[in-house]
>>> print(open('my_file.txt').read())   # compact mmCIF, C-alpha atoms
# COMPACT_ATOMS: atom_id res chain seq x y z
CA MET P 1 97.88 95.21 100.75
CA LEU P 2 99.29 98.48 99.42
CA TYR P 3 95.96 99.21 97.73
CA LEU P 4 94.01 98.46 100.93
CA LEU P 5 96.36 100.73 102.86
CA GLN P 6 95.67 103.59 100.44
CA VAL P 7 91.91 102.98 100.64
CA ASN P 8 91.88 103.01 104.44
CA VAL P 9 94.02 106.14 104.65
CA GLY P 10 91.56 107.77 102.25
CA LEU P 11 88.59 106.86 104.44
CA ILE P 12 90.35 108.35 107.47
CA LEU P 13 91.13 111.62 105.64
CA PHE P 14 87.60 112.03 104.29
CA TYR P 15 85.96 111.20 107.62
CA ALA P 16 88.18 113.65 109.51
CA LEU P 17 87.39 116.44 107.04
CA TYR P 18 83.67 115.60 107.07
CA LYS P 19 83.53 115.92 110.87
CA LEU P 20 85.51 119.14 110.73
CA VAL P 21 83.55 120.82 107.92
CA CYS P 22 80.05 119.37 107.56
CA THR P 23 78.52 118.38 110.89
CA ARG P 24 77.40 121.84 112.00
CA ASP P 25 75.40 122.93 108.95
CA THR P 26 72.02 121.89 107.58
CA PHE P 27 73.08 121.12 103.99
CA PHE P 28 71.86 117.55 104.28
CA ARG P 29 71.64 116.92 100.51
CA SER P 30 75.18 118.21 100.03
CA ARG P 31 76.30 116.11 102.97
CA ARG P 32 74.80 113.04 101.34
CA PHE P 33 76.82 113.69 98.18
CA ILE P 34 80.02 114.25 100.18
CA LEU P 35 79.50 111.05 102.16
CA ILE P 36 79.00 109.00 98.98
CA VAL P 37 82.16 110.57 97.54
CA SER P 38 84.00 109.78 100.77
CA LEU P 39 82.99 106.12 100.49
CA VAL P 40 83.70 105.69 96.77
CA LEU P 41 86.71 107.87 95.92
CA PRO P 42 89.26 106.09 98.16
CA PHE P 43 88.63 102.92 96.11
CA ILE P 44 88.96 104.72 92.74
CA LEU P 45 91.78 107.23 93.20
CA PRO P 46 94.63 104.66 93.46
CA PHE P 47 93.83 103.59 89.88
CA ILE P 48 94.03 107.10 88.37
CA ASP P 49 97.39 107.75 86.73
CA VAL P 50 98.50 111.39 86.88
CA ARG P 51 102.25 110.79 86.92
CA GLU P 52 102.87 112.68 83.67
CA TRP P 53 101.04 115.71 85.01
CA LEU P 54 102.89 115.55 88.32
CA GLU P 55 106.27 115.23 86.67
CA SER P 56 105.51 118.28 84.51
CA ARG P 57 105.39 120.35 87.69
CA ASP P 58 108.85 121.17 89.01
CA ARG P 59 107.74 121.18 92.62
CA MET P 60 106.39 117.64 92.31
CA ILE P 61 109.47 116.08 90.71
CA MET P 62 111.04 115.18 94.06
CA LEU P 63 107.87 113.35 95.08
CA THR P 64 107.34 111.47 91.84
CA HIS P 65 110.98 110.40 91.71
CA PHE P 66 110.72 108.83 95.15
CA ASP P 67 112.15 105.32 94.90
CA TYR P 68 109.36 103.09 96.20
CA SER P 69 110.30 99.41 96.16
CA ALA P 70 108.30 96.31 97.03
CA VAL P 71 110.10 94.91 100.04
CA LEU P 72 109.77 91.25 100.90
CA PRO P 73 109.80 89.93 104.49
CA GLU P 74 113.36 89.94 105.77
CA ILE P 75 115.27 86.69 105.30
CA VAL P 76 117.62 85.80 108.12
CA VAL P 77 120.48 83.34 107.61
CA GLY P 78 122.65 81.79 110.31
CA SER P 79 121.77 79.85 113.42
CA GLU P 80 118.34 81.52 113.75
CA ALA P 81 117.46 81.42 110.05
CA VAL P 82 114.44 79.17 109.88
CA GLU P 83 112.81 80.33 113.09
CA THR P 84 113.22 84.09 112.59
CA GLY P 85 112.59 84.16 108.85
CA ASN P 86 109.46 82.06 109.06
CA ARG P 87 108.17 84.04 112.01
CA VAL P 88 108.10 87.23 109.92
CA PHE P 89 106.31 85.54 107.04
CA VAL P 90 103.83 83.64 109.22
CA LEU P 91 102.85 86.85 111.02
CA SER P 92 102.07 88.68 107.76
CA GLU P 93 100.32 85.58 106.42
CA TRP P 94 98.07 85.31 109.47
CA ILE P 95 97.18 88.99 109.29
CA GLY P 96 95.94 88.32 105.75
CA TYR P 97 93.95 85.30 106.91
CA LEU P 98 92.45 87.31 109.77
CA TYR P 99 91.35 90.06 107.37
CA LEU P 100 89.75 87.57 104.97
CA ALA P 101 88.02 85.77 107.84
CA GLY P 102 86.50 89.06 109.00
CA VAL P 103 85.27 89.84 105.49
CA VAL P 104 83.69 86.37 105.18
CA VAL P 105 81.95 86.65 108.57
CA LEU P 106 80.52 90.08 107.73
CA LEU P 107 79.39 88.95 104.29
CA VAL P 108 77.55 86.04 105.89
CA ARG P 109 75.96 88.48 108.35
CA LEU P 110 74.88 90.69 105.43
CA ALA P 111 73.40 87.70 103.62
CA VAL P 112 71.43 86.69 106.73
CA GLN P 113 70.04 90.22 107.09
CA ALA P 114 69.07 90.32 103.41
CA PHE P 115 67.39 86.91 103.65
CA SER P 116 65.44 87.98 106.73
CA LEU P 117 64.16 91.04 104.90
CA TYR P 118 63.27 88.92 101.88
CA ARG P 119 61.19 86.60 104.08
CA PHE P 120 59.31 89.58 105.48
CA ILE P 121 58.65 90.97 102.01
CA VAL P 122 57.26 87.63 100.81
CA ARG P 123 55.33 86.55 103.91
CA MET P 124 53.93 89.74 105.43
CA PRO P 125 50.43 90.77 104.32
CA GLU P 126 50.14 94.09 102.51
CA LYS P 127 47.66 96.85 103.36
CA GLU P 128 47.02 100.34 102.00
CA ILE P 129 47.19 103.06 104.66
CA ASN P 130 46.63 106.70 103.71
CA GLY P 131 47.26 105.78 100.08
CA VAL P 132 50.57 104.02 100.84
CA ARG P 133 51.16 100.27 100.50
CA VAL P 134 52.50 98.92 103.81
CA LYS P 135 53.75 95.49 104.85
CA CYS P 136 51.96 94.77 108.12
CA LEU P 137 54.14 93.42 110.94
CA ASN P 138 52.93 91.23 113.79
CA ASP P 139 55.58 92.39 116.27
CA PRO P 140 56.78 95.82 117.46
CA SER P 141 60.01 95.74 115.44
CA GLY P 142 59.16 98.65 113.15
CA PRO P 143 58.43 100.92 111.52
CA PHE P 144 61.18 100.76 108.88
CA SER P 145 61.70 100.72 105.12
CA PHE P 146 63.90 98.98 102.58
CA PHE P 147 64.03 100.20 98.98
CA GLY P 148 60.36 100.35 97.89
CA TRP P 149 58.85 98.53 100.90
CA ILE P 150 57.57 100.08 104.12
CA PHE P 151 57.07 97.88 107.18
CA MET P 152 54.84 98.85 110.10
CA ASN P 153 52.58 97.36 112.73
CA PRO P 154 49.42 99.54 112.45
CA ALA P 155 48.07 98.18 115.73
CA ALA P 156 51.13 99.38 117.64
CA VAL P 157 51.03 102.96 116.29
CA LYS P 158 48.66 105.71 117.39
CA GLU P 159 46.38 107.24 114.79
CA ASP P 160 48.01 110.69 114.97
CA GLU P 161 51.47 109.17 114.45
CA ILE P 162 50.72 107.17 111.29
CA SER P 163 50.88 110.13 108.86
CA GLU P 164 54.22 111.28 110.30
CA ILE P 165 55.69 107.79 110.08
CA LEU P 166 54.53 107.25 106.52
CA THR P 167 55.88 110.66 105.44
CA HIS P 168 59.24 109.83 107.04
CA GLU P 169 59.49 106.37 105.48
CA MET P 170 58.30 107.57 102.07
CA ALA P 171 61.18 110.08 102.12
CA HIS P 172 63.57 107.13 102.52
CA VAL P 173 61.84 105.27 99.68
CA LYS P 174 61.58 108.13 97.17
CA GLN P 175 65.12 109.38 97.78
CA HIS P 176 66.54 105.83 97.46
CA HIS P 177 68.30 105.92 100.83
CA SER P 178 68.74 102.14 100.88
CA VAL P 179 71.40 102.52 98.16
CA ASP P 180 73.49 104.65 100.53
CA VAL P 181 73.00 102.15 103.35
CA LEU P 182 74.13 99.21 101.21
CA LEU P 183 77.14 101.14 99.90
CA ALA P 184 78.24 102.06 103.43
CA GLU P 185 77.70 98.46 104.51
CA MET P 186 79.93 97.09 101.74
CA VAL P 187 82.67 99.62 102.51
CA SER P 188 82.61 98.71 106.21
CA ILE P 189 82.91 95.04 105.24
CA CYS P 190 85.88 95.63 102.92
CA CYS P 191 87.61 97.82 105.52
CA TRP P 192 86.30 96.20 108.69
CA MET P 193 89.62 96.62 110.49
CA ASN P 194 89.38 100.39 110.07
CA PRO P 195 87.14 101.98 112.75
CA PHE P 196 86.71 105.06 110.55
CA ALA P 197 84.86 102.96 107.98
CA TRP P 198 82.26 102.14 110.65
CA LEU P 199 82.12 105.77 111.75
CA LEU P 200 81.45 106.82 108.15
CA LYS P 201 78.65 104.26 107.94
CA ARG P 202 77.09 105.76 111.07
CA GLU P 203 77.32 109.26 109.58
CA VAL P 204 75.63 108.05 106.39
CA ARG P 205 72.67 106.61 108.29
CA LEU P 206 72.39 109.63 110.55
CA ASN P 207 72.34 112.05 107.63
CA LEU P 208 69.62 110.00 105.91
CA GLU P 209 67.50 110.44 109.02
CA PHE P 210 68.12 114.18 108.90
CA LEU P 211 66.82 114.19 105.32
CA ALA P 212 63.71 112.19 106.23
CA ASP P 213 63.04 114.35 109.32
CA ARG P 214 63.27 117.49 107.18
CA LYS P 215 60.69 116.02 104.79
CA VAL P 216 58.29 115.57 107.72
CA MET P 217 58.84 119.19 108.78
CA GLU P 218 58.31 120.43 105.20
CA ALA P 219 55.03 118.48 105.07
CA GLY P 220 53.67 120.80 107.79
CA PHE P 221 53.67 118.51 110.84
CA ALA P 222 54.25 120.15 114.24
CA THR P 223 57.92 119.87 115.18
CA LYS P 224 57.44 119.32 118.91
CA SER P 225 54.70 116.75 118.41
CA TYR P 226 56.87 114.83 115.95
CA GLN P 227 59.82 114.87 118.36
CA TYR P 228 57.66 113.48 121.19
CA HIS P 229 56.48 110.71 118.90
CA LEU P 230 60.10 109.84 118.08
CA LEU P 231 60.86 109.54 121.78
CA GLY P 232 57.78 107.40 122.35
CA LEU P 233 58.51 104.87 119.58
CA ALA P 234 61.28 103.01 121.38
CA TYR P 235 60.93 99.83 119.33
CA ASN P 236 63.59 97.19 118.92
CA HIS P 237 65.07 97.05 115.43
CA LYS P 238 66.46 93.78 114.08
CA TYR P 239 67.15 94.51 110.41
CA GLY P 240 70.41 96.40 109.93
CA LEU P 241 69.97 97.01 106.19
CA SER P 242 66.70 98.93 106.53
CA ASN P 243 65.94 102.58 107.32
CA ASN P 244 64.05 102.59 110.59
CA PHE P 245 61.86 105.39 111.89
CA ASN P 246 63.30 105.44 115.40
CA PHE P 247 66.98 105.42 114.45
CA SER P 248 69.37 106.08 117.36
CA HIS P 249 71.08 109.46 118.04
CA LEU P 250 67.71 111.06 118.68
CA LYS P 251 69.38 113.95 120.48
CA GLN P 252 71.30 114.92 117.33
CA ARG P 253 68.19 114.59 115.19
CA ILE P 254 66.18 116.82 117.49
CA ILE P 255 68.98 119.42 117.57
CA MET P 256 69.06 119.49 113.76
CA MET P 257 65.27 119.82 113.52
CA ASN P 258 65.41 122.90 115.76
CA LYS P 259 68.44 124.40 114.04
CA LYS P 260 68.11 127.39 111.73
CA LYS P 261 68.89 126.62 108.08
CA SER P 262 72.47 127.39 107.16
CA ASN P 263 73.31 130.19 104.72
CA GLY P 264 73.82 128.91 101.20
CA ALA P 265 77.23 130.61 101.01
CA GLY P 266 78.45 128.01 103.49
CA HIS P 267 78.73 125.53 100.61
CA ILE P 268 82.09 127.13 99.73
CA LYS P 269 83.80 125.20 102.52
CA TYR P 270 82.91 121.92 100.77
CA ALA P 271 85.64 122.72 98.24
CA LEU P 272 88.10 121.61 100.95
CA PHE P 273 87.30 118.01 100.02
CA VAL P 274 89.55 118.48 96.99
CA LEU P 275 92.52 118.34 99.39
CA PRO P 276 92.23 114.70 100.55
CA ALA P 277 91.38 113.64 96.98
CA PHE P 278 94.53 115.30 95.68
CA ALA P 279 96.62 113.86 98.51
CA LEU P 280 95.42 110.35 97.68
CA LEU P 281 96.14 110.87 93.98
CA VAL P 282 99.70 111.97 94.73
CA ALA P 283 100.27 109.15 97.21
CA GLY P 284 98.90 106.53 94.81
CA ASN P 285 101.04 107.74 91.95
CA ILE P 286 104.16 107.99 94.10
CA SER P 287 103.74 104.33 95.00
CA CYS P 288 103.43 103.44 91.31
CA SER P 289 106.11 105.83 90.07
CA GLN P 290 108.39 104.77 87.27
CA ASP P 291 112.08 104.01 87.65
CA VAL P 292 113.78 107.25 86.66
CA SER P 293 117.44 108.16 86.60
CA GLN P 294 118.92 108.30 90.09
CA THR P 295 122.43 109.61 89.55
CA GLU P 296 122.88 110.84 93.09
CA ASP P 297 121.68 107.56 94.60
CA ALA P 298 123.89 105.57 92.26
CA LYS P 299 127.01 107.04 93.84
CA GLU P 300 126.12 105.33 97.10
CA GLU P 301 125.11 101.99 95.57
CA VAL P 302 127.42 99.02 95.10
CA VAL P 303 126.58 97.58 91.68
CA ALA P 304 126.91 93.83 91.21
CA PRO P 305 127.84 92.21 87.91
CA VAL P 306 124.92 91.78 85.51
CA SER P 307 123.76 88.22 84.95
CA PRO P 308 124.93 86.39 81.77
CA GLU P 309 121.38 86.41 80.45
CA ALA P 310 121.25 90.19 80.69
CA LYS P 311 124.64 90.54 78.94
CA GLU P 312 123.51 88.42 76.03
CA ALA P 313 120.25 90.33 75.58
CA PRO P 314 120.13 92.80 72.67
CA ALA P 315 121.05 96.34 73.64
CA ASP P 316 117.64 97.76 72.67
CA SER P 317 115.54 95.03 74.32
CA THR P 318 115.44 96.56 77.78
CA ALA P 319 117.21 99.93 77.44
CA LYS P 320 114.06 101.74 76.45
CA GLU P 321 111.68 99.73 78.65
CA GLU P 322 110.45 101.38 81.82
CA VAL P 323 110.89 99.64 85.13
CA PHE P 324 108.00 99.72 87.58
CA MET P 325 108.60 99.95 91.30
CA VAL P 326 105.09 98.64 92.01
CA ALA P 327 102.84 96.99 89.43
CA GLU P 328 99.16 96.09 89.58
CA GLN P 329 100.20 92.42 89.61
CA MET P 330 103.63 92.00 91.14
CA PRO P 331 106.08 89.33 89.93
CA GLU P 332 105.84 86.05 91.79
CA PHE P 333 108.48 83.47 92.65
CA PRO P 334 107.47 79.94 91.50
CA GLY P 335 105.23 78.62 94.25
CA GLY P 336 104.75 81.99 95.92
CA MET P 337 106.52 83.95 98.62
CA LYS P 338 106.71 81.02 101.02
CA GLU P 339 108.67 78.99 98.45
CA MET P 340 111.00 81.93 97.83
CA LEU P 341 111.76 82.25 101.52
CA LYS P 342 112.41 78.53 101.67
CA PHE P 343 114.70 78.69 98.61
CA LEU P 344 116.81 81.48 100.05
CA GLN P 345 117.03 79.98 103.52
CA GLU P 346 118.17 76.66 102.09
CA ASN P 347 120.75 78.11 99.69
CA VAL P 348 122.31 81.05 101.50
CA LYS P 349 125.44 79.90 103.38
CA TYR P 350 127.24 81.98 105.99
CA PRO P 351 130.72 82.85 104.58
CA GLU P 352 133.52 81.33 106.66
CA ASN P 353 135.58 84.53 106.76
CA ALA P 354 132.57 86.49 107.97
CA MET P 355 131.94 83.91 110.70
CA LYS P 356 135.59 83.99 111.82
CA ASN P 357 135.58 87.79 111.95
CA ASN P 358 132.15 87.88 113.61
CA VAL P 359 130.73 90.03 110.81
CA GLN P 360 126.97 90.47 110.87
CA GLY P 361 124.48 92.80 109.24
CA ARG P 362 121.73 93.26 106.68
CA VAL P 363 122.50 93.23 102.98
CA ILE P 364 119.83 94.82 100.79
CA VAL P 365 119.77 93.46 97.24
CA GLN P 366 117.68 94.87 94.42
CA PHE P 367 116.98 93.27 91.04
CA VAL P 368 114.66 93.59 88.07
CA VAL P 369 112.24 90.86 87.03
CA GLU P 370 112.22 90.98 83.24
CA LYS P 371 109.21 90.38 81.01
CA ASP P 372 110.19 86.73 80.59
CA GLY P 373 110.54 86.33 84.37
CA THR P 374 114.35 86.37 84.44
CA PRO P 375 115.88 88.23 87.43
CA THR P 376 118.53 90.69 86.15
CA GLU P 377 120.34 93.93 87.02
CA PHE P 378 121.33 92.88 90.52
CA LYS P 379 122.50 95.68 92.79
CA VAL P 380 123.56 95.84 96.40
CA LEU P 381 121.73 98.86 97.73
CA ARG P 382 123.19 98.45 101.19
CA SER P 383 126.58 96.83 101.63
CA VAL P 384 127.78 95.22 104.87
CA ASP P 385 130.86 93.19 103.97
CA PRO P 386 132.26 91.99 100.62
CA ASP P 387 131.81 88.34 101.60
CA LEU P 388 128.25 88.80 102.79
CA ASP P 389 127.40 90.92 99.75
CA ALA P 390 128.83 88.29 97.41
CA GLU P 391 126.91 85.47 99.08
CA ALA P 392 123.61 87.33 98.91
CA LEU P 393 124.18 88.11 95.23
CA ARG P 394 125.25 84.54 94.44
CA VAL P 395 122.01 83.07 95.71
CA MET P 396 119.84 85.78 94.15
CA LYS P 397 121.36 85.04 90.75
CA ALA P 398 120.65 81.32 91.20
CA MET P 399 116.90 81.93 91.46
CA PRO P 400 114.70 80.36 88.76
CA LYS P 401 112.52 82.41 86.45
CA TRP P 402 109.64 84.24 88.08
CA LYS P 403 106.10 84.81 86.95
CA PRO P 404 106.47 88.34 85.47
CA GLY P 405 104.60 91.42 86.68
CA MET P 406 101.55 92.87 84.93
CA GLN P 407 100.42 96.46 84.50
CA ARG P 408 97.11 97.25 82.74
CA GLY P 409 97.03 93.80 81.20
CA GLU P 410 100.58 93.95 79.81
CA VAL P 411 103.75 92.21 80.95
CA VAL P 412 106.19 94.76 82.42
CA ARG P 413 109.62 94.92 84.04
CA VAL P 414 109.37 95.29 87.81
CA LYS P 415 112.01 96.09 90.41
CA TYR P 416 112.19 94.02 93.59
CA THR P 417 114.12 94.64 96.81
CA VAL P 418 115.08 91.85 99.22
CA PRO P 419 116.78 92.45 102.60
CA VAL P 420 118.94 89.52 103.83
CA SER P 421 120.12 89.59 107.43
CA PHE P 422 123.20 87.64 108.48
CA LYS P 423 123.16 86.91 112.21
CA LEU P 424 125.34 84.83 114.50
CA GLN P 425 124.63 83.57 118.00
>>> encode(input="my_file.txt", output="structure tokens")
Amino acid sequence: MLYLLQVNVGLILFYALYKLVCTRDTFFRSRRFILIVSLVLPFILPFIDVREWLESRDRMIMLTHFDYSAVLPEIVVGSEAVETGNRVFVLSEWIGYLYLAGVVVLLVRLAVQAFSLYRFIVRMPEKEINGVRVKCLNDPSGPFSFFGWIFMNPAAVKEDEISEILTHEMAHVKQHHSVDVLLAEMVSICCWMNPFAWLLKREVRLNLEFLADRKVMEAGFATKSYQYHLLGLAYNHKYGLSNNFNFSHLKQRIIMMNKKKSNGAGHIKYALFVLPAFALLVAGNISCSQDVSQTEDAKEEVVAPVSPEAKEAPADSTAKEEVFMVAEQMPEFPGGMKEMLKFLQENVKYPENAMKNNVQGRVIVQFVVEKDGTPTEFKVLRSVDPDLDAEALRVMKAMPKWKPGMQRGEVVRVKYTVPVSFKLQ
């Protein structure tokens, strides 16, 4: 979920900058490159590790030393324990199910579209028109193209329009525009909850039409005549994966066809796209920062006794091992998070003294999951009452061994933070 959050924030940043910087010029090839970068980089940047470089810069030390902990859903003990604690978990669980359901539905939709195009490729008769091989349609649902195939109903197109249409569609074919369309489609499926992913997909398709329209103009066809033909070809289009001649946003296409070419020096502004890339790199590495010395924070922390297992461990076994705040594969309680919540809710007991004195509050406990899965180094990061603190620690120490965390294929030590709320009616 943290990775998906970083990806979606990246898409938002790149889209916002694209609309701010690129939409008024005529650098359509450069725009295509920027749009591909905007779709791909948010998925790659979270995996790039630049922590050593960041920590070598004094101004970045405060950021890279930020203590980012994986926080579990809050566990509530007392009269409302089961209802409140489960409600938090069930909500987050259903959000995950909703996301996966959306991905499945959109993947099925993509498969249906691909199968429909495949049927057309196999079944439609092929004819050579002006030296170009064309799949002949029987209905007015074209013209459009998909990778190396061009689809058109010759009977539904006027003679003086055929050359323009073929030039337009051949631009899509030769410049491999279907690759961009498929890439944008997959990104919108992975991030379907993010409206900016869909807006980026629209910008990708629109820019591809700008490129194809420019090719028609460069071929020597009359601009006004071509624009009237675009307005006249108001065909229905049923195949979302293809590049169709009469793509929507005709007003924007016509404006761009009539616009004077931008000065080449305007490319300098495209360097601004380094900013969101750098921001994502920093954010991703902050979230995966190592556990460094926190002397100032330690003064405010209440440190619990170390578990017997940790005391018996050799002094050098963990002293030199780094502790990850967030790992690629986080440690897992036996049976998953639901079983952990159940374990804590069944074992945490409200201290009698705290009940008599009407003491309530949230105790935040942090511990390290060792390479063998043993929870150690328990600390109370936020203390409420000695009795409540002791009860939270007692149950945490009684937990069984976890499935350890993994980073780059290796078992690592990972820090976990669990908030436990004690509430009374």
>>> atom_distance(input="my_file.txt", atom1="CA of Ala277 in chain P", atom2="CA of Pro42 in chain P")
7.9 Å
>>> atom_distance(input="my_file.txt", atom1="CA of Lys260 in chain P", atom2="CA of Phe144 in chain P")
27.7 Å
>>> closest_residue(input="my_file.txt", among="P:Lys397, P:Lys338, P:Lys201, P:Lys415", to="Val368 in chain P", atoms="all atoms listed in the file")
P:Lys415
>>> closest_residue(input="my_file.txt", among="P:Ala197, P:Glu128, P:Gln175, P:Val187", to="Ala212 in chain P", atoms="all atoms listed in the file")
P:Gln175
>>> atom_distance(input="my_file.txt", atom1="CA of Met256 in chain P", atom2="CA of Pro154 in chain P")
28.0 Å
>>> axis_aligned_box(input="my_file.txt", around="range 130-137 of chain P", padding_each_side="5 Å", output="JSON")
{"center_x": 50.4, "center_y": 100.1, "center_z": 105.5, "size_x": 17.5, "size_y": 23.3, "size_z": 20.9}
>>> residues_near_point(input="my_file.txt", point="(72.7, 124.7, 109.1)", cutoff="6 Å", atoms="only C-alpha atoms", output="list in words")
Asp25, Thr26, Lys260, Lys261 and Ser262 of chain P
>>> closest_residue(input="my_file.txt", among="P:Ala171, P:Ala184, P:Leu275, P:Ile268", to="Cys22 in chain P", atoms="all atoms listed in the file")
P:Ile268
